[in-house]
Amino acid sequence: MTTALETAFDLPQWCAGFDPVQARTARHGSSGEPDVLTTSGPGGAEFVRHGPGLQTVIFDGYLYDRARLTRELDAPSSAGDAELAAAACARWGREVYDRLDGCFLLAVWNAATGRLLVGHDALGRHPVFYCDDGSRFWFGANVLKVAARARSRRANRHSLALGALLFWPDRGETFFEDVARLPPGQFLEVDDTRRINRHQYWEPMPGDDEPWLRAAEVHERFEPALVAAVERRMALDPQGIMLSGGVDSVTVAALAVDVLGGPGRKPFTAVSARAGGPLTGEERMQSAVSDALGMRHLISTTREWLRDDDEVEASLAITPELPAPTRIWWVGAYTRFYRRTADEGLHVLLTGAGGDNWLGVADAHAADLMRRLAVSRLLRFLEADVATGGASWASAARRLLWAGGLRPILTSRWARLAPVSKARYHRRQWERRLPAWLCPEPGLRAEVLDRLLARRTPDLSPAGKRPASYYRHSLKTLDNPYLHHENENAFHIERACRLRLLSPYHDRALVSFLNRIAPDTLVFGDRYKGLLRPVVARRLPGLGLDNQRKDYPSDLQAAKLARLRGSLEAASATSSFDVLPELGIVDPDALARHSEPWSGLSFEALAARFYLLSAERWLRAHVS
């Protein structure tokens, strides 16, 4: 039987509609009309009426820093998150989104101003989708419900074509033509004429010419900032942690046990996934860490989740449940892992997700080092990538010396000297790279090409000069479509599996701090994620975490590649393309003629094949 606690984490099935005609009536009347802002569908959102003009507040999600908020808002300690959010709206108005922290969607209708505000948390961990159908403005956290309620289920052909090239939809777009996504750090303002304005309230990345934090200040502040991020999540009483065995999740586990205290502390569970074959280095680390921290260890394997099912077929089978087509062929396996975890009664867990986003160092740092002729630091960067980052010397040299190093310097110089010839060169390159089977319609093909060119990191600063910092210039942070898609998929799958995963590395204050740290400081001690390693090594000495290397055994990778090829070949043999050709995304005859033999396909090429199968099934389920 499903408990009240479990249902609190169910995937939102509600969708809200804003009626501008009723809004105008309410604005000129004595009070807000009840059907200006209405919801349809069960569960998830809470309605609260509060403050001047009887503001109507819709809240879905959860908040951090409740103790601070109750003090600042003079609210009772028993107040729920929705009541706190409503009081915050009454106190701070449009600034409310910049004042609250958590994972939430917050909408506010005020009859006195005639305006609706819709926004979410700074990192967009809680998604917001919206659509104007000509009579109502619809919004919600579940893109499938918004599209269905607004009767706007036309496919976005540009997003589908970009997906076939393993790119996410453009910023603000979804796989539905008329349904938009709200980027992180923004809120919407909608008036009673249905005019929509987007406002940016948070951006963690400083300009590329702003000074970095001094190294001494970073070392003084880093551990307290990370501990504070963990403490904010511990206030939501997690039952354990998703323990991968890598340095990100192990550090969070060690800090969480510190917060819980010594003897007599609450029980804490480590949840680990394994392949089921010979133990890898990270799998052995899982056991060593859980033993050292005195945690119960819940281990399950891919074979247990899948039983006799094929990994690819399991992922294709759940495609209609997903918010979008996917290239992740193991999504079915990890969804079953999540559901198994929830069936064990574990619904709130910490996770190490986000460490790669904010603690790693982008390849473009090599360009800055080359420009400054900092040879010793460039070699240190290479060493960190190989010694603890998991790369081979050959791949690290290709990426860091050429792709992340010399090429950005040359392209920015070329852009200044001959911008027209450079633009023509990149267009020709993409014209050659586009598969012959993709977008046979010339107009659509040209539009997709324009979008691909627009995604390139600009070669020059907005002032037309070479970037002051290639490293900062290459990072898109809140503009990065991958971050949006990752957040939305995680939200949808976790909530559908009745899980709440809390990541300290996605803490708003911590992210702002980390983005002001120089890459040289992040590679502290010649180690990838070097700032983390002293923190965890002090708490777990003797486990080798200060020198732990990402582990990609070549024999296991080869076996995985062979299994994936076989599974995808079998799935393709029993699949047909009907909707993708009808939409002009795929020419099936050209796909058959130009396809490489399965035996020669890489992981990347196989991911593209899987995406096509996923997109076809998803379209059949959701697109009119």
# chains A, B, ... in the order shown; residues from 1 in each chain; ligands from 1

$ residues_around --residues "Ile493 (chain A)" --least-positions-apart "4" --cutoff "10 Å" --atoms "only C-alpha atoms" --output "PyMOL selection string"
chain A and resi 10-11+321-323+331+334-335+338-339+488-489+497-499

$ write_last_selection --atoms "C-alpha atoms" --output "CSV table (one decimal), in the first residue's frame"
chain,number,residue,atom,x,y,z
A,10,ASP,CA,4.8,11.2,-6.9
A,11,LEU,CA,5.3,12.7,-10.3
A,321,GLU,CA,6.7,7.3,-19.7
A,322,LEU,CA,9.6,9.7,-20.3
A,323,PRO,CA,9.3,13.5,-20.8
A,331,VAL,CA,17.5,4.4,-18.6
A,334,TYR,CA,18.4,2.6,-13.6
A,335,THR,CA,14.7,3.3,-13.4
A,338,TYR,CA,15.3,3.5,-8.4
A,339,ARG,CA,12.0,1.7,-8.0
A,488,GLU,CA,14.2,17.7,-16.2
A,489,ASN,CA,14.8,14.0,-16.8
A,497,CYS,CA,9.9,6.3,-8.8
A,498,ARG,CA,8.9,8.1,-5.5
A,499,LEU,CA,12.4,9.3,-4.8

$ closest_atom_pairs --of "region 454-525 of chain A" --to "region 407-417 of chain A" --cutoff "7 Å" --atoms "only C-alpha atoms" --output "Markdown table"
| residue | atom | partner | partner_atom | distance |
| --- | --- | --- | --- | --- |
| A:Asp459 | CA | A:Ser412 | CA | 4.7 |
| A:Leu460 | CA | A:Ser412 | CA | 5.9 |
| A:Arg466 | CA | A:Ser412 | CA | 5.9 |

$ write_last_selection --atoms "N, CA, C and O atoms" --output "PDB file, in the first residue's frame"
ATOM      1  N   ASP A 459      33.733  32.840 -30.865  1.00  0.00           N
ATOM      2  CA  ASP A 459      35.192  32.922 -30.932  1.00  0.00           C
ATOM      3  C   ASP A 459      35.723  34.201 -30.302  1.00  0.00           C
ATOM      4  O   ASP A 459      36.883  34.259 -29.895  1.00  0.00           O
ATOM      5  N   LEU A 460      34.873  35.228 -30.231  1.00  0.00           N
ATOM      6  CA  LEU A 460      35.287  36.519 -29.686  1.00  0.00           C
ATOM      7  C   LEU A 460      34.321  36.961 -28.609  1.00  0.00           C
ATOM      8  O   LEU A 460      33.177  36.483 -28.531  1.00  0.00           O
ATOM      9  N   ARG A 466      39.392  38.982 -28.385  1.00  0.00           N
ATOM     10  CA  ARG A 466      39.602  37.610 -27.931  1.00  0.00           C
ATOM     11  C   ARG A 466      39.244  37.554 -26.438  1.00  0.00           C
ATOM     12  O   ARG A 466      39.431  38.543 -25.702  1.00  0.00           O
TER      13      ARG A 466
END

$ residues_around --residues "Ala384 (chain A)" --least-positions-apart "2" --cutoff "8 Å" --atoms "only C-alpha atoms" --output "MDAnalysis selection string"
chainID A and resid 380:382 386:389 523 526:528

$ residues_around --residues "Ser244 (chain A)" --least-positions-apart "6" --cutoff "12 Å" --atoms "only C-alpha atoms" --output "PDB file with N, CA and C atoms, in the first residue's frame"
ATOM      1  N   VAL A 250      31.415   9.773  -2.096  1.00  0.00           N
ATOM      2  CA  VAL A 250      32.089   9.373  -0.856  1.00  0.00           C
ATOM      3  C   VAL A 250      32.287  10.582   0.056  1.00  0.00           C
ATOM      4  N   THR A 251      32.649  11.723  -0.499  1.00  0.00           N
ATOM      5  CA  THR A 251      32.825  12.941   0.302  1.00  0.00           C
ATOM      6  C   THR A 251      31.511  13.344   0.960  1.00  0.00           C
ATOM      7  N   VAL A 252      30.429  13.306   0.203  1.00  0.00           N
ATOM      8  CA  VAL A 252      29.120  13.654   0.762  1.00  0.00           C
ATOM      9  C   VAL A 252      28.751  12.694   1.882  1.00  0.00           C
ATOM     10  N   ALA A 253      29.013  11.397   1.681  1.00  0.00           N
ATOM     11  CA  ALA A 253      28.694  10.405   2.720  1.00  0.00           C
ATOM     12  C   ALA A 253      29.464  10.696   3.999  1.00  0.00           C
ATOM     13  N   ALA A 270      23.709   3.195   2.872  1.00  0.00           N
ATOM     14  CA  ALA A 270      24.368   3.411   1.581  1.00  0.00           C
ATOM     15  C   ALA A 270      23.687   2.507   0.558  1.00  0.00           C
ATOM     16  N   VAL A 271      23.238   3.092  -0.552  1.00  0.00           N
ATOM     17  CA  VAL A 271      22.582   2.340  -1.619  1.00  0.00           C
ATOM     18  C   VAL A 271      23.516   2.327  -2.819  1.00  0.00           C
ATOM     19  N   SER A 272      23.893   1.132  -3.265  1.00  0.00           N
ATOM     20  CA  SER A 272      24.876   1.023  -4.342  1.00  0.00           C
ATOM     21  C   SER A 272      24.370   0.116  -5.452  1.00  0.00           C
ATOM     22  N   ALA A 273      24.688   0.499  -6.676  1.00  0.00           N
ATOM     23  CA  ALA A 273      24.386  -0.302  -7.857  1.00  0.00           C
ATOM     24  C   ALA A 273      25.663  -0.924  -8.379  1.00  0.00           C
ATOM     25  N   ARG A 274      25.567  -2.157  -8.830  1.00  0.00           N
ATOM     26  CA  ARG A 274      26.725  -2.842  -9.399  1.00  0.00           C
ATOM     27  C   ARG A 274      26.336  -3.580 -10.675  1.00  0.00           C
ATOM     28  N   ALA A 275      27.351  -3.833 -11.495  1.00  0.00           N
ATOM     29  CA  ALA A 275      27.099  -4.517 -12.766  1.00  0.00           C
ATOM     30  C   ALA A 275      26.818  -5.998 -12.575  1.00  0.00           C
ATOM     31  N   THR A 280      34.718  -3.759  -9.720  1.00  0.00           N
ATOM     32  CA  THR A 280      35.586  -2.680 -10.185  1.00  0.00           C
ATOM     33  C   THR A 280      36.164  -1.958  -8.973  1.00  0.00           C
ATOM     34  N   GLY A 281      37.080  -1.015  -9.227  1.00  0.00           N
ATOM     35  CA  GLY A 281      37.681  -0.260  -8.134  1.00  0.00           C
ATOM     36  C   GLY A 281      36.647   0.529  -7.350  1.00  0.00           C
ATOM     37  N   GLU A 282      35.697   1.166  -8.046  1.00  0.00           N
ATOM     38  CA  GLU A 282      34.679   1.956  -7.352  1.00  0.00           C
ATOM     39  C   GLU A 282      33.741   1.060  -6.560  1.00  0.00           C
ATOM     40  N   GLU A 283      33.456  -0.152  -7.060  1.00  0.00           N
ATOM     41  CA  GLU A 283      32.581  -1.064  -6.321  1.00  0.00           C
ATOM     42  C   GLU A 283      33.248  -1.545  -5.034  1.00  0.00           C
ATOM     43  N   ARG A 284      34.543  -1.804  -5.097  1.00  0.00           N
ATOM     44  CA  ARG A 284      35.256  -2.166  -3.866  1.00  0.00           C
ATOM     45  C   ARG A 284      35.273  -0.988  -2.882  1.00  0.00           C
ATOM     46  N   MET A 285      35.393   0.233  -3.417  1.00  0.00           N
ATOM     47  CA  MET A 285      35.394   1.420  -2.567  1.00  0.00           C
ATOM     48  C   MET A 285      34.046   1.581  -1.860  1.00  0.00           C
ATOM     49  N   GLN A 286      32.949   1.226  -2.527  1.00  0.00           N
ATOM     50  CA  GLN A 286      31.625   1.303  -1.887  1.00  0.00           C
ATOM     51  C   GLN A 286      31.618   0.550  -0.557  1.00  0.00           C
ATOM     52  N   SER A 287      32.116  -0.688  -0.590  1.00  0.00           N
ATOM     53  CA  SER A 287      32.108  -1.519   0.619  1.00  0.00           C
ATOM     54  C   SER A 287      33.053  -0.965   1.673  1.00  0.00           C
ATOM     55  N   ALA A 288      34.238  -0.516   1.235  1.00  0.00           N
ATOM     56  CA  ALA A 288      35.213   0.015   2.197  1.00  0.00           C
ATOM     57  C   ALA A 288      34.659   1.249   2.904  1.00  0.00           C
ATOM     58  N   VAL A 289      33.990   2.119   2.168  1.00  0.00           N
ATOM     59  CA  VAL A 289      33.456   3.351   2.747  1.00  0.00           C
ATOM     60  C   VAL A 289      32.291   3.057   3.685  1.00  0.00           C
ATOM     61  N   SER A 290      31.358   2.204   3.258  1.00  0.00           N
ATOM     62  CA  SER A 290      30.211   1.905   4.116  1.00  0.00           C
ATOM     63  C   SER A 290      30.661   1.240   5.414  1.00  0.00           C
ATOM     64  N   HIS A 297      24.585  -1.275   4.194  1.00  0.00           N
ATOM     65  CA  HIS A 297      24.901  -1.205   2.766  1.00  0.00           C
ATOM     66  C   HIS A 297      23.909  -2.056   1.985  1.00  0.00           C
ATOM     67  N   LEU A 298      23.103  -1.397   1.161  1.00  0.00           N
ATOM     68  CA  LEU A 298      22.110  -2.077   0.325  1.00  0.00           C
ATOM     69  C   LEU A 298      22.662  -2.138  -1.103  1.00  0.00           C
ATOM     70  N   ILE A 299      22.986  -3.345  -1.545  1.00  0.00           N
ATOM     71  CA  ILE A 299      23.618  -3.534  -2.854  1.00  0.00           C
ATOM     72  C   ILE A 299      22.666  -4.319  -3.754  1.00  0.00           C
ATOM     73  N   LEU A 350      20.659  11.285  -0.167  1.00  0.00           N
ATOM     74  CA  LEU A 350      21.686  12.178  -0.706  1.00  0.00           C
ATOM     75  C   LEU A 350      22.285  11.557  -1.961  1.00  0.00           C
ATOM     76  N   THR A 351      22.942  12.374  -2.747  1.00  0.00           N
ATOM     77  CA  THR A 351      23.625  11.886  -3.945  1.00  0.00           C
ATOM     78  C   THR A 351      24.832  12.775  -4.225  1.00  0.00           C
ATOM     79  N   GLY A 352      25.793  12.234  -4.961  1.00  0.00           N
ATOM     80  CA  GLY A 352      26.969  13.009  -5.353  1.00  0.00           C
ATOM     81  C   GLY A 352      26.840  13.637  -6.722  1.00  0.00           C
ATOM     82  N   ALA A 353      25.638  13.631  -7.295  1.00  0.00           N
ATOM     83  CA  ALA A 353      25.434  14.220  -8.623  1.00  0.00           C
ATOM     84  C   ALA A 353      25.816  15.694  -8.605  1.00  0.00           C
ATOM     85  N   LYS A 550      39.489   7.541 -11.736  1.00  0.00           N
ATOM     86  CA  LYS A 550      38.303   7.034 -12.422  1.00  0.00           C
ATOM     87  C   LYS A 550      38.660   5.745 -13.145  1.00  0.00           C
ATOM     88  N   ASP A 551      37.781   4.756 -13.061  1.00  0.00           N
ATOM     89  CA  ASP A 551      38.124   3.403 -13.487  1.00  0.00           C
ATOM     90  C   ASP A 551      37.291   3.004 -14.701  1.00  0.00           C
TER      91      ASP A 551
END

$ closest_residue --among "A:His347, A:Arg153, A:Arg214, A:Arg451" --to "Arg500 (chain A)" --atoms "only C-alpha atoms"
A:His347

$ atom_distance --atom1 "CA of Cys89 (chain A)" --atom2 "CA of Tyr62 (chain A)"
15.3 Å

$ residues_around --residues "Leu84 (chain A)" --least-positions-apart "3" --cutoff "10 Å" --atoms "only C-alpha atoms" --output "compact mmCIF listing (two decimals) with N, CA, C and O atoms, in the first residue's frame"
# COMPACT_ATOMS: atom_id res chain seq x y z
N VAL A 48 -2.54 28.25 -1.81
CA VAL A 48 -2.60 29.05 -0.60
C VAL A 48 -3.03 30.45 -0.99
O VAL A 48 -2.51 31.01 -1.97
N PHE A 59 2.21 26.16 -5.11
CA PHE A 59 3.56 25.72 -4.73
C PHE A 59 3.66 24.20 -4.93
O PHE A 59 2.77 23.45 -4.54
N LEU A 63 11.57 23.22 0.29
CA LEU A 63 12.47 24.34 0.56
C LEU A 63 13.59 23.91 1.50
O LEU A 63 13.41 23.03 2.35
N ARG A 66 14.51 26.19 6.23
CA ARG A 66 13.20 26.49 6.81
C ARG A 66 13.33 27.27 8.13
O ARG A 66 12.52 28.18 8.39
N LEU A 69 13.86 30.87 7.33
CA LEU A 69 12.66 31.48 6.74
C LEU A 69 11.58 31.74 7.79
O LEU A 69 10.94 32.80 7.78
N THR A 70 11.38 30.78 8.69
CA THR A 70 10.34 31.00 9.71
C THR A 70 10.69 32.20 10.60
O THR A 70 9.80 32.95 11.00
N LEU A 73 10.20 35.48 8.42
CA LEU A 73 8.83 35.73 8.03
C LEU A 73 7.87 35.73 9.22
O LEU A 73 6.66 35.85 9.03
N ASP A 74 8.42 35.57 10.44
CA ASP A 74 7.59 35.49 11.65
C ASP A 74 6.50 34.43 11.49
O ASP A 74 5.33 34.64 11.87
N ALA A 75 6.86 33.30 10.92
CA ALA A 75 5.90 32.22 10.67
C ALA A 75 6.03 31.17 11.77
O ALA A 75 7.11 30.99 12.37
N PRO A 76 4.97 30.43 12.07
CA PRO A 76 5.07 29.36 13.06
C PRO A 76 5.95 28.23 12.55
O PRO A 76 6.04 27.98 11.34
N SER A 77 6.61 27.55 13.45
CA SER A 77 7.51 26.45 13.05
C SER A 77 6.75 25.31 12.39
O SER A 77 7.33 24.52 11.65
N SER A 78 5.44 25.25 12.62
CA SER A 78 4.63 24.19 12.02
C SER A 78 4.21 24.51 10.59
O SER A 78 3.59 23.67 9.92
N ALA A 79 4.53 25.70 10.10
CA ALA A 79 4.11 26.10 8.76
C ALA A 79 4.70 25.17 7.71
O ALA A 79 5.88 24.82 7.76
N GLY A 80 3.89 24.78 6.74
CA GLY A 80 4.38 23.95 5.65
C GLY A 80 5.14 24.78 4.63
O GLY A 80 5.15 26.02 4.68
N ASP A 81 5.79 24.10 3.68
CA ASP A 81 6.59 24.81 2.68
C ASP A 81 5.72 25.76 1.85
O ASP A 81 6.14 26.87 1.50
N ALA A 87 3.93 33.30 2.38
CA ALA A 87 4.34 34.43 3.21
C ALA A 87 5.52 35.16 2.59
O ALA A 87 5.61 36.40 2.66
N ALA A 88 6.43 34.42 1.97
CA ALA A 88 7.58 35.04 1.31
C ALA A 88 7.13 35.89 0.13
O ALA A 88 7.68 36.97 -0.12
N CYS A 89 6.12 35.42 -0.62
CA CYS A 89 5.59 36.20 -1.74
C CYS A 89 5.00 37.52 -1.24
O CYS A 89 5.21 38.58 -1.85
N ALA A 90 4.26 37.44 -0.13
CA ALA A 90 3.66 38.65 0.42
C ALA A 90 4.72 39.63 0.91
O ALA A 90 4.56 40.85 0.78
N LEU A 100 14.35 32.48 -2.03
CA LEU A 100 14.07 31.11 -1.62
C LEU A 100 15.10 30.15 -2.23
O LEU A 100 15.64 30.39 -3.30

$ residues_around --residues "region 595-600 of chain A" --least-positions-apart "4" --cutoff "9 Å" --atoms "only C-alpha atoms" --output "ChimeraX atom specification"
/A:562,565-566,568-569,590-591,606

$ closest_residue --among "A:Asp191, A:Asp208, A:Asp101, A:Glu203" --to "Arg233 (chain A)" --atoms "only C-alpha atoms"
A:Asp101

$ select_by_dssp --residues "region 109-227 of chain A" --states "helix (DSSP H, G or I)" --output "ChimeraX atom specification"
/A:143-149,157-164,215-227

$ closest_residue --among "A:Phe18, A:Trp330, A:Tyr471, A:Tyr611" --to "Arg136 (chain A)" --atoms "only C-alpha atoms"
A:Phe18

$ residues_around --residues "Glu604 (chain A)" --least-positions-apart "5" --cutoff "12 Å" --atoms "only C-alpha atoms" --output "PyMOL selection string"
chain A and resi 164-167+327-329+561+564-565+609-611

$ write_last_selection --atoms "N, CA and C atoms" --output "mmCIF file, in the first residue's frame"
data_model
loop_
_atom_site.group_PDB
_atom_site.id
_atom_site.type_symbol
_atom_site.label_atom_id
_atom_site.label_comp_id
_atom_site.auth_asym_id
_atom_site.auth_seq_id
_atom_site.Cartn_x
_atom_site.Cartn_y
_atom_site.Cartn_z
ATOM 1 N N ALA A 164 18.940 13.585 -33.014
ATOM 2 C CA ALA A 164 19.581 12.546 -33.823
ATOM 3 C C ALA A 164 21.084 12.768 -33.937
ATOM 4 N N LEU A 165 21.533 14.003 -33.695
ATOM 5 C CA LEU A 165 22.959 14.338 -33.696
ATOM 6 C C LEU A 165 23.520 14.384 -32.275
ATOM 7 N N LEU A 166 22.708 13.913 -31.309
ATOM 8 C CA LEU A 166 23.079 13.858 -29.887
ATOM 9 C C LEU A 166 23.242 15.242 -29.275
ATOM 10 N N PHE A 167 22.430 16.191 -29.756
ATOM 11 C CA PHE A 167 22.325 17.503 -29.123
ATOM 12 C C PHE A 167 20.958 17.602 -28.449
ATOM 13 N N ARG A 327 18.709 9.323 -25.515
ATOM 14 C CA ARG A 327 19.821 8.552 -26.081
ATOM 15 C C ARG A 327 20.426 7.632 -25.025
ATOM 16 N N ILE A 328 19.876 7.640 -23.811
ATOM 17 C CA ILE A 328 20.428 6.877 -22.687
ATOM 18 C C ILE A 328 19.856 5.466 -22.731
ATOM 19 N N TRP A 329 20.609 4.537 -23.263
ATOM 20 C CA TRP A 329 20.090 3.180 -23.454
ATOM 21 C C TRP A 329 19.984 2.391 -22.156
ATOM 22 N N LEU A 561 30.374 -2.758 -25.033
ATOM 23 C CA LEU A 561 30.153 -2.312 -26.407
ATOM 24 C C LEU A 561 29.593 -3.439 -27.261
ATOM 25 N N LEU A 564 25.930 -4.069 -26.360
ATOM 26 C CA LEU A 564 25.070 -2.996 -26.856
ATOM 27 C C LEU A 564 24.843 -3.130 -28.355
ATOM 28 N N ARG A 565 25.900 -3.441 -29.097
ATOM 29 C CA ARG A 565 25.741 -3.633 -30.551
ATOM 30 C C ARG A 565 24.731 -4.734 -30.846
ATOM 31 N N ARG A 609 21.789 5.706 -32.770
ATOM 32 C CA ARG A 609 20.836 4.698 -33.250
ATOM 33 C C ARG A 609 19.745 4.461 -32.209
ATOM 34 N N PHE A 610 20.153 4.351 -30.944
ATOM 35 C CA PHE A 610 19.161 4.139 -29.897
ATOM 36 C C PHE A 610 18.195 5.322 -29.839
ATOM 37 N N TYR A 611 18.719 6.537 -29.984
ATOM 38 C CA TYR A 611 17.856 7.720 -29.953
ATOM 39 C C TYR A 611 16.754 7.623 -31.009
#

$ closest_residue --among "A:Asp121, A:Asp170, A:Asp291, A:Glu189" --to "Asp507 (chain A)" --atoms "only C-alpha atoms"
A:Asp121

$ closest_residue --among "A:His484, A:His199, A:Arg538, A:His594" --to "Ala254 (chain A)" --atoms "only C-alpha atoms"
A:Arg538

$ select_by_dssp --residues "region 7-201 of chain A" --states "strand (DSSP E)" --output "PyMOL selection string"
chain A and resi 15-18+37-40+46-50+55-63+102-110+115-120+129-132+137-140+180-181+186-190+196-200

$ atom_distance --atom1 "CA of Ala82 (chain A)" --atom2 "CA of Gly185 (chain A)"
20.0 Å

$ decode --residues "region 368-386 of chain A" --atoms "N, CA and C atoms" --output "mmCIF file, in the first residue's frame"
data_model
loop_
_atom_site.group_PDB
_atom_site.id
_atom_site.type_symbol
_atom_site.label_atom_id
_atom_site.label_comp_id
_atom_site.auth_asym_id
_atom_site.auth_seq_id
_atom_site.Cartn_x
_atom_site.Cartn_y
_atom_site.Cartn_z
ATOM 1 N N ASP A 368 44.129 28.975 -22.062
ATOM 2 C CA ASP A 368 44.647 30.077 -21.248
ATOM 3 C C ASP A 368 46.089 29.812 -20.826
ATOM 4 N N LEU A 369 46.389 28.550 -20.477
ATOM 5 C CA LEU A 369 47.757 28.215 -20.074
ATOM 6 C C LEU A 369 48.721 28.347 -21.247
ATOM 7 N N MET A 370 48.299 27.923 -22.428
ATOM 8 C CA MET A 370 49.148 28.059 -23.617
ATOM 9 C C MET A 370 49.402 29.522 -23.931
ATOM 10 N N ARG A 371 48.368 30.351 -23.850
ATOM 11 C CA ARG A 371 48.517 31.762 -24.182
ATOM 12 C C ARG A 371 49.498 32.439 -23.233
ATOM 13 N N ARG A 372 49.520 31.974 -21.971
ATOM 14 C CA ARG A 372 50.441 32.559 -20.986
ATOM 15 C C ARG A 372 51.793 31.843 -20.964
ATOM 16 N N LEU A 373 51.948 30.848 -21.843
ATOM 17 C CA LEU A 373 53.183 30.038 -21.904
ATOM 18 C C LEU A 373 53.484 29.390 -20.552
ATOM 19 N N ALA A 374 52.436 29.000 -19.846
ATOM 20 C CA ALA A 374 52.579 28.364 -18.529
ATOM 21 C C ALA A 374 52.752 26.860 -18.722
ATOM 22 N N VAL A 375 53.921 26.454 -19.184
ATOM 23 C CA VAL A 375 54.159 25.070 -19.584
ATOM 24 C C VAL A 375 54.039 24.105 -18.401
ATOM 25 N N SER A 376 54.596 24.481 -17.260
ATOM 26 C CA SER A 376 54.572 23.566 -16.118
ATOM 27 C C SER A 376 53.143 23.334 -15.631
ATOM 28 N N ARG A 377 52.324 24.391 -15.652
ATOM 29 C CA ARG A 377 50.932 24.225 -15.207
ATOM 30 C C ARG A 377 50.113 23.451 -16.240
ATOM 31 N N LEU A 378 50.460 23.599 -17.516
ATOM 32 C CA LEU A 378 49.788 22.807 -18.548
ATOM 33 C C LEU A 378 50.090 21.320 -18.361
ATOM 34 N N LEU A 379 51.345 21.010 -18.062
ATOM 35 C CA LEU A 379 51.717 19.607 -17.816
ATOM 36 C C LEU A 379 51.019 19.078 -16.568
ATOM 37 N N ARG A 380 50.843 19.925 -15.563
ATOM 38 C CA ARG A 380 50.136 19.525 -14.344
ATOM 39 C C ARG A 380 48.667 19.222 -14.651
ATOM 40 N N PHE A 381 48.073 20.032 -15.518
ATOM 41 C CA PHE A 381 46.691 19.814 -15.942
ATOM 42 C C PHE A 381 46.559 18.468 -16.662
ATOM 43 N N LEU A 382 47.509 18.175 -17.546
ATOM 44 C CA LEU A 382 47.528 16.885 -18.242
ATOM 45 C C LEU A 382 47.687 15.736 -17.255
ATOM 46 N N GLU A 383 48.588 15.896 -16.317
ATOM 47 C CA GLU A 383 48.851 14.854 -15.330
ATOM 48 C C GLU A 383 47.600 14.564 -14.494
ATOM 49 N N ALA A 384 46.885 15.617 -14.088
ATOM 50 C CA ALA A 384 45.663 15.425 -13.299
ATOM 51 C C ALA A 384 44.610 14.676 -14.104
ATOM 52 N N ASP A 385 44.502 14.992 -15.391
ATOM 53 C CA ASP A 385 43.512 14.336 -16.247
ATOM 54 C C ASP A 385 43.806 12.847 -16.403
ATOM 55 N N VAL A 386 45.085 12.502 -16.400
ATOM 56 C CA VAL A 386 45.480 11.101 -16.588
ATOM 57 C C VAL A 386 45.529 10.366 -15.255
#
